[in-house]
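To keep things clear, I will list the structure first and then write my remarks on it.
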Amino acid sequence: TFRIAASTRRTATIVFLHGLGQTNVAWRGMIEWMAAQLPSVEWVLPQAAPKPVSLNAGQYRPSWFDMATLPPGHAEWDEHGVAASVAAVEAAVLAEVHRGVDARRIVLMGFSQGAALGLLVALTTLHELGGVVSLSGWIPQRGREQIVHTEPHLPVFWGHGRSDAEIPLHYAEEAMAFLRDVLRLPTALLTLRRYDGLAHTVNGAEMYDVVLWLQAVLR
């Protein structure tokens, strides 16, 4: 885990979860740019441990849970891996609460597999979080069975590229329909932004939209 401290008095924390096969430090440049726009936010970037990944023929890669296919299969579900990673993120949230941060000033943000993890935590935690940001993420189908308690005031920002072949855009649209129609989250709290020509990555326009959204939910 590495941290980027707030440059003024800290009033909020964002926990950022990297994607499959990535390191937290690979996101440092982007996060430092965002941190400059959000001076009272401290950033916490946990690092997933290397594990054998079925998608990569058992090769060890940083991973929050095992995956066999991309796009993710309907029945795909590494119960033990997900449970361990959910517990690790819950522990990170609890540590911030113990440091005096109101849970409503804690936002979970992730890319791809990290977004899936952040969504699972945000939709199952007993903490009333400030929001969740999914960048090119999805909500695992099997994970939806665990969602029995959802904070009805959870703001969600979902950014997704129209040209994403690994997690196609329809994963985002279907997940947002699930949040709205099944979990009954108010539409006013749900933001879905689609980016033309964007593949399975992020770009400046998306990051600018995320910063504006974070400034609004953490104001």
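Residue numbering restarts at 1 in every chain; chains get A, B, ... in the order shown in the structure tokens, and ligands count up from 1 in that same order.
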
Next on the checklist: According to DSSP computed on the backbone, where in range 72-145 of chain A is there strand (DSSP E)? Give the residues as a list in words.
Outcome noted: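 For range 72-145 of chain A, the strand (DSSP E) set is Ile106, Val107, Leu108, Met109, Gly110, Phe111, Gly131, Val132, Val133, Ser134 and Leu135 of chain A.
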
N, CA, C and O atoms of the current selection, written as a compact mmCIF listing (two decimals), in the first residue's frame:
```
# COMPACT_ATOMS: atom_id res chain seq x y z
N ILE A 106 -15.40 8.67 2.64
CA ILE A 106 -14.50 7.67 2.05
C ILE A 106 -15.13 7.18 0.75
O ILE A 106 -16.30 6.76 0.74
N VAL A 107 -14.37 7.26 -0.34
CA VAL A 107 -14.84 6.80 -1.65
C VAL A 107 -13.94 5.66 -2.11
O VAL A 107 -12.72 5.72 -1.98
N LEU A 108 -14.55 4.62 -2.66
CA LEU A 108 -13.81 3.52 -3.28
C LEU A 108 -13.76 3.77 -4.79
O LEU A 108 -14.78 4.13 -5.40
N MET A 109 -12.59 3.56 -5.38
CA MET A 109 -12.42 3.81 -6.81
C MET A 109 -11.53 2.71 -7.36
O MET A 109 -10.54 2.32 -6.72
N GLY A 110 -11.89 2.16 -8.51
CA GLY A 110 -11.07 1.09 -9.06
C GLY A 110 -11.14 1.03 -10.57
O GLY A 110 -12.06 1.57 -11.19
N PHE A 111 -10.14 0.36 -11.14
CA PHE A 111 -10.10 0.12 -12.58
C PHE A 111 -10.25 -1.37 -12.85
O PHE A 111 -9.54 -2.19 -12.24
N GLY A 131 -19.20 7.12 -1.68
CA GLY A 131 -19.45 6.83 -3.08
C GLY A 131 -18.51 5.77 -3.61
O GLY A 131 -17.61 5.30 -2.91
N VAL A 132 -18.74 5.39 -4.88
CA VAL A 132 -17.88 4.40 -5.53
C VAL A 132 -17.71 4.80 -6.99
O VAL A 132 -18.66 5.26 -7.63
N VAL A 133 -16.47 4.66 -7.49
CA VAL A 133 -16.14 4.98 -8.89
C VAL A 133 -15.70 3.70 -9.58
O VAL A 133 -14.73 3.05 -9.14
N SER A 134 -16.38 3.35 -10.66
CA SER A 134 -16.00 2.19 -11.48
C SER A 134 -15.46 2.68 -12.82
O SER A 134 -16.17 3.34 -13.58
N LEU A 135 -14.20 2.38 -13.09
CA LEU A 135 -13.58 2.68 -14.38
C LEU A 135 -13.43 1.37 -15.14
O LEU A 135 -12.66 0.50 -14.73
```

Next on the checklist: Set the distance at 9 Å and use only C-alpha atoms: which residues neighbour range 60-70 of chain A once local chain neighbours fewer than 3 positions away are removed? I'd like the list as a ChimeraX atom specification.
Outcome noted: /A:18-23,47-57,73,76-86,113-114,117,165-167

Checklist entry - Between A:Ala91, A:Leu169, A:Leu119, A:Leu17, which is the closest to Gly197 in chain A once you count only C-alpha atoms? => result A:Leu169

Checklist entry - Which residues come within 9 Å of Arg142 in chain A, counting only C-alpha atoms, excluding same-chain residues fewer than 3 positions away, as a ChimeraX atom specification? => result /A:74-77,139,145-146

When you look at Asp164 in chain A with a cut-off of 10 Å (counting only C-alpha atoms), what residues show up, excluding the ones that are within fewer than 4 positions of it in the same chain? I need them as a PDB file with N, CA and C atoms, in the first residue's frame.
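Once everything was written out, this is around_39.pdb:
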```pdb
ATOM      1  N   PRO A  71     -14.187 -11.341 -22.005  1.00  0.00           N
ATOM      2  CA  PRO A  71     -14.969 -10.757 -20.918  1.00  0.00           C
ATOM      3  C   PRO A  71     -15.331 -11.802 -19.853  1.00  0.00           C
ATOM      4  N   SER A 136     -14.212   1.186 -16.187  1.00  0.00           N
ATOM      5  CA  SER A 136     -14.145  -0.034 -17.009  1.00  0.00           C
ATOM      6  C   SER A 136     -14.377  -1.292 -16.175  1.00  0.00           C
ATOM      7  N   HIS A 160     -16.786   4.328 -18.864  1.00  0.00           N
ATOM      8  CA  HIS A 160     -16.513   3.142 -19.681  1.00  0.00           C
ATOM      9  C   HIS A 160     -16.268   3.550 -21.127  1.00  0.00           C
ATOM     10  N   PRO A 168     -16.766  -5.225 -22.281  1.00  0.00           N
ATOM     11  CA  PRO A 168     -17.544  -4.410 -23.215  1.00  0.00           C
ATOM     12  C   PRO A 168     -18.548  -3.493 -22.516  1.00  0.00           C
ATOM     13  N   LEU A 169     -18.912  -2.422 -23.204  1.00  0.00           N
ATOM     14  CA  LEU A 169     -19.777  -1.395 -22.634  1.00  0.00           C
ATOM     15  C   LEU A 169     -21.081  -1.956 -22.086  1.00  0.00           C
ATOM     16  N   HIS A 170     -21.601  -3.017 -22.696  1.00  0.00           N
ATOM     17  CA  HIS A 170     -22.899  -3.526 -22.217  1.00  0.00           C
ATOM     18  C   HIS A 170     -22.807  -4.066 -20.784  1.00  0.00           C
ATOM     19  N   TYR A 195     -17.291   6.842 -23.331  1.00  0.00           N
ATOM     20  CA  TYR A 195     -16.229   7.594 -23.996  1.00  0.00           C
ATOM     21  C   TYR A 195     -15.938   7.013 -25.368  1.00  0.00           C
ATOM     22  N   ASP A 196     -16.156   7.828 -26.392  1.00  0.00           N
ATOM     23  CA  ASP A 196     -15.943   7.402 -27.784  1.00  0.00           C
ATOM     24  C   ASP A 196     -14.473   7.049 -28.016  1.00  0.00           C
ATOM     25  N   GLY A 197     -14.257   5.932 -28.696  1.00  0.00           N
ATOM     26  CA  GLY A 197     -12.905   5.552 -29.098  1.00  0.00           C
ATOM     27  C   GLY A 197     -12.018   5.049 -27.969  1.00  0.00           C
ATOM     28  N   LEU A 198     -12.559   4.954 -26.761  1.00  0.00           N
ATOM     29  CA  LEU A 198     -11.742   4.521 -25.617  1.00  0.00           C
ATOM     30  C   LEU A 198     -11.832   3.008 -25.463  1.00  0.00           C
ATOM     31  N   ALA A 199     -10.669   2.346 -25.434  1.00  0.00           N
ATOM     32  CA  ALA A 199     -10.618   0.892 -25.233  1.00  0.00           C
ATOM     33  C   ALA A 199     -10.560   0.593 -23.722  1.00  0.00           C
ATOM     34  N   HIS A 200      -9.899  -0.501 -23.339  1.00  0.00           N
ATOM     35  CA  HIS A 200      -9.886  -0.898 -21.929  1.00  0.00           C
ATOM     36  C   HIS A 200      -8.782  -0.143 -21.197  1.00  0.00           C
ATOM     37  N   THR A 201      -9.026   1.134 -20.999  1.00  0.00           N
ATOM     38  CA  THR A 201      -8.064   2.004 -20.325  1.00  0.00           C
ATOM     39  C   THR A 201      -8.824   3.254 -19.880  1.00  0.00           C
TER      40      THR A 201
END
```

Checklist entry - So which bits of range 14-147 of chain A end up helix (DSSP H, G or I) when you DSSP the backbone, as a PyMOL selection string? => result chain A and resi 24-37+54-56+79-98+103-105+113-124+142-146

Next on the checklist: If I take CA of Met176 in chain A and CA of Pro155 in chain A, how far is one from the other in Å, to one decimal?
Outcome noted: 11.8 Å

Checklist entry - Expressed in Å to a single decimal, how great is the separation between CA of Met34 in chain A and CA of Ala103 in chain A? => result 20.6 Å

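Ranking A:Thr191, A:Glu174, A:Glu151, A:Val93 by their shortest atom-to-atom distance to Leu212 in chain A, with only C-alpha atoms included, puts A:Thr191 first.
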
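Using only C-alpha atoms, the shortest contact distance between Leu94 in chain A and any of A:Val211, A:Ala188, A:Val148, A:Val15 is found at A:Val15.
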
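For the pair CA of Val44 in chain A and CA of Gly159 in chain A, the interatomic distance is 20.5 Å.
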
Next on the checklist: I'd like the neighbourhood of Pro152 in chain A as a list of chain:residue names, where a residue qualifies if any of its atoms comes within 12 Å (using only C-alpha atoms), though same-chain residues fewer than 4 positions away should be ignored.
Outcome noted: A:Ala122, A:Leu123, A:Thr124, A:Leu126, A:His127, A:Glu128, A:Leu129, A:Gly130, A:Gly131, A:Val148, A:Val156, A:Leu179, A:Arg180, A:Val182, A:Leu183, A:Arg184, A:Leu185, A:Pro186, A:Thr187, A:Ala188, A:Leu189, A:Leu190

Checklist entry - Which is closest to Arg105 in chain A among A:Val41, A:Ala36, A:Leu192, A:Ala88, if we use only C-alpha atoms? => result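 Closest to Arg105 in chain A, using only C-alpha atoms: A:Val41.
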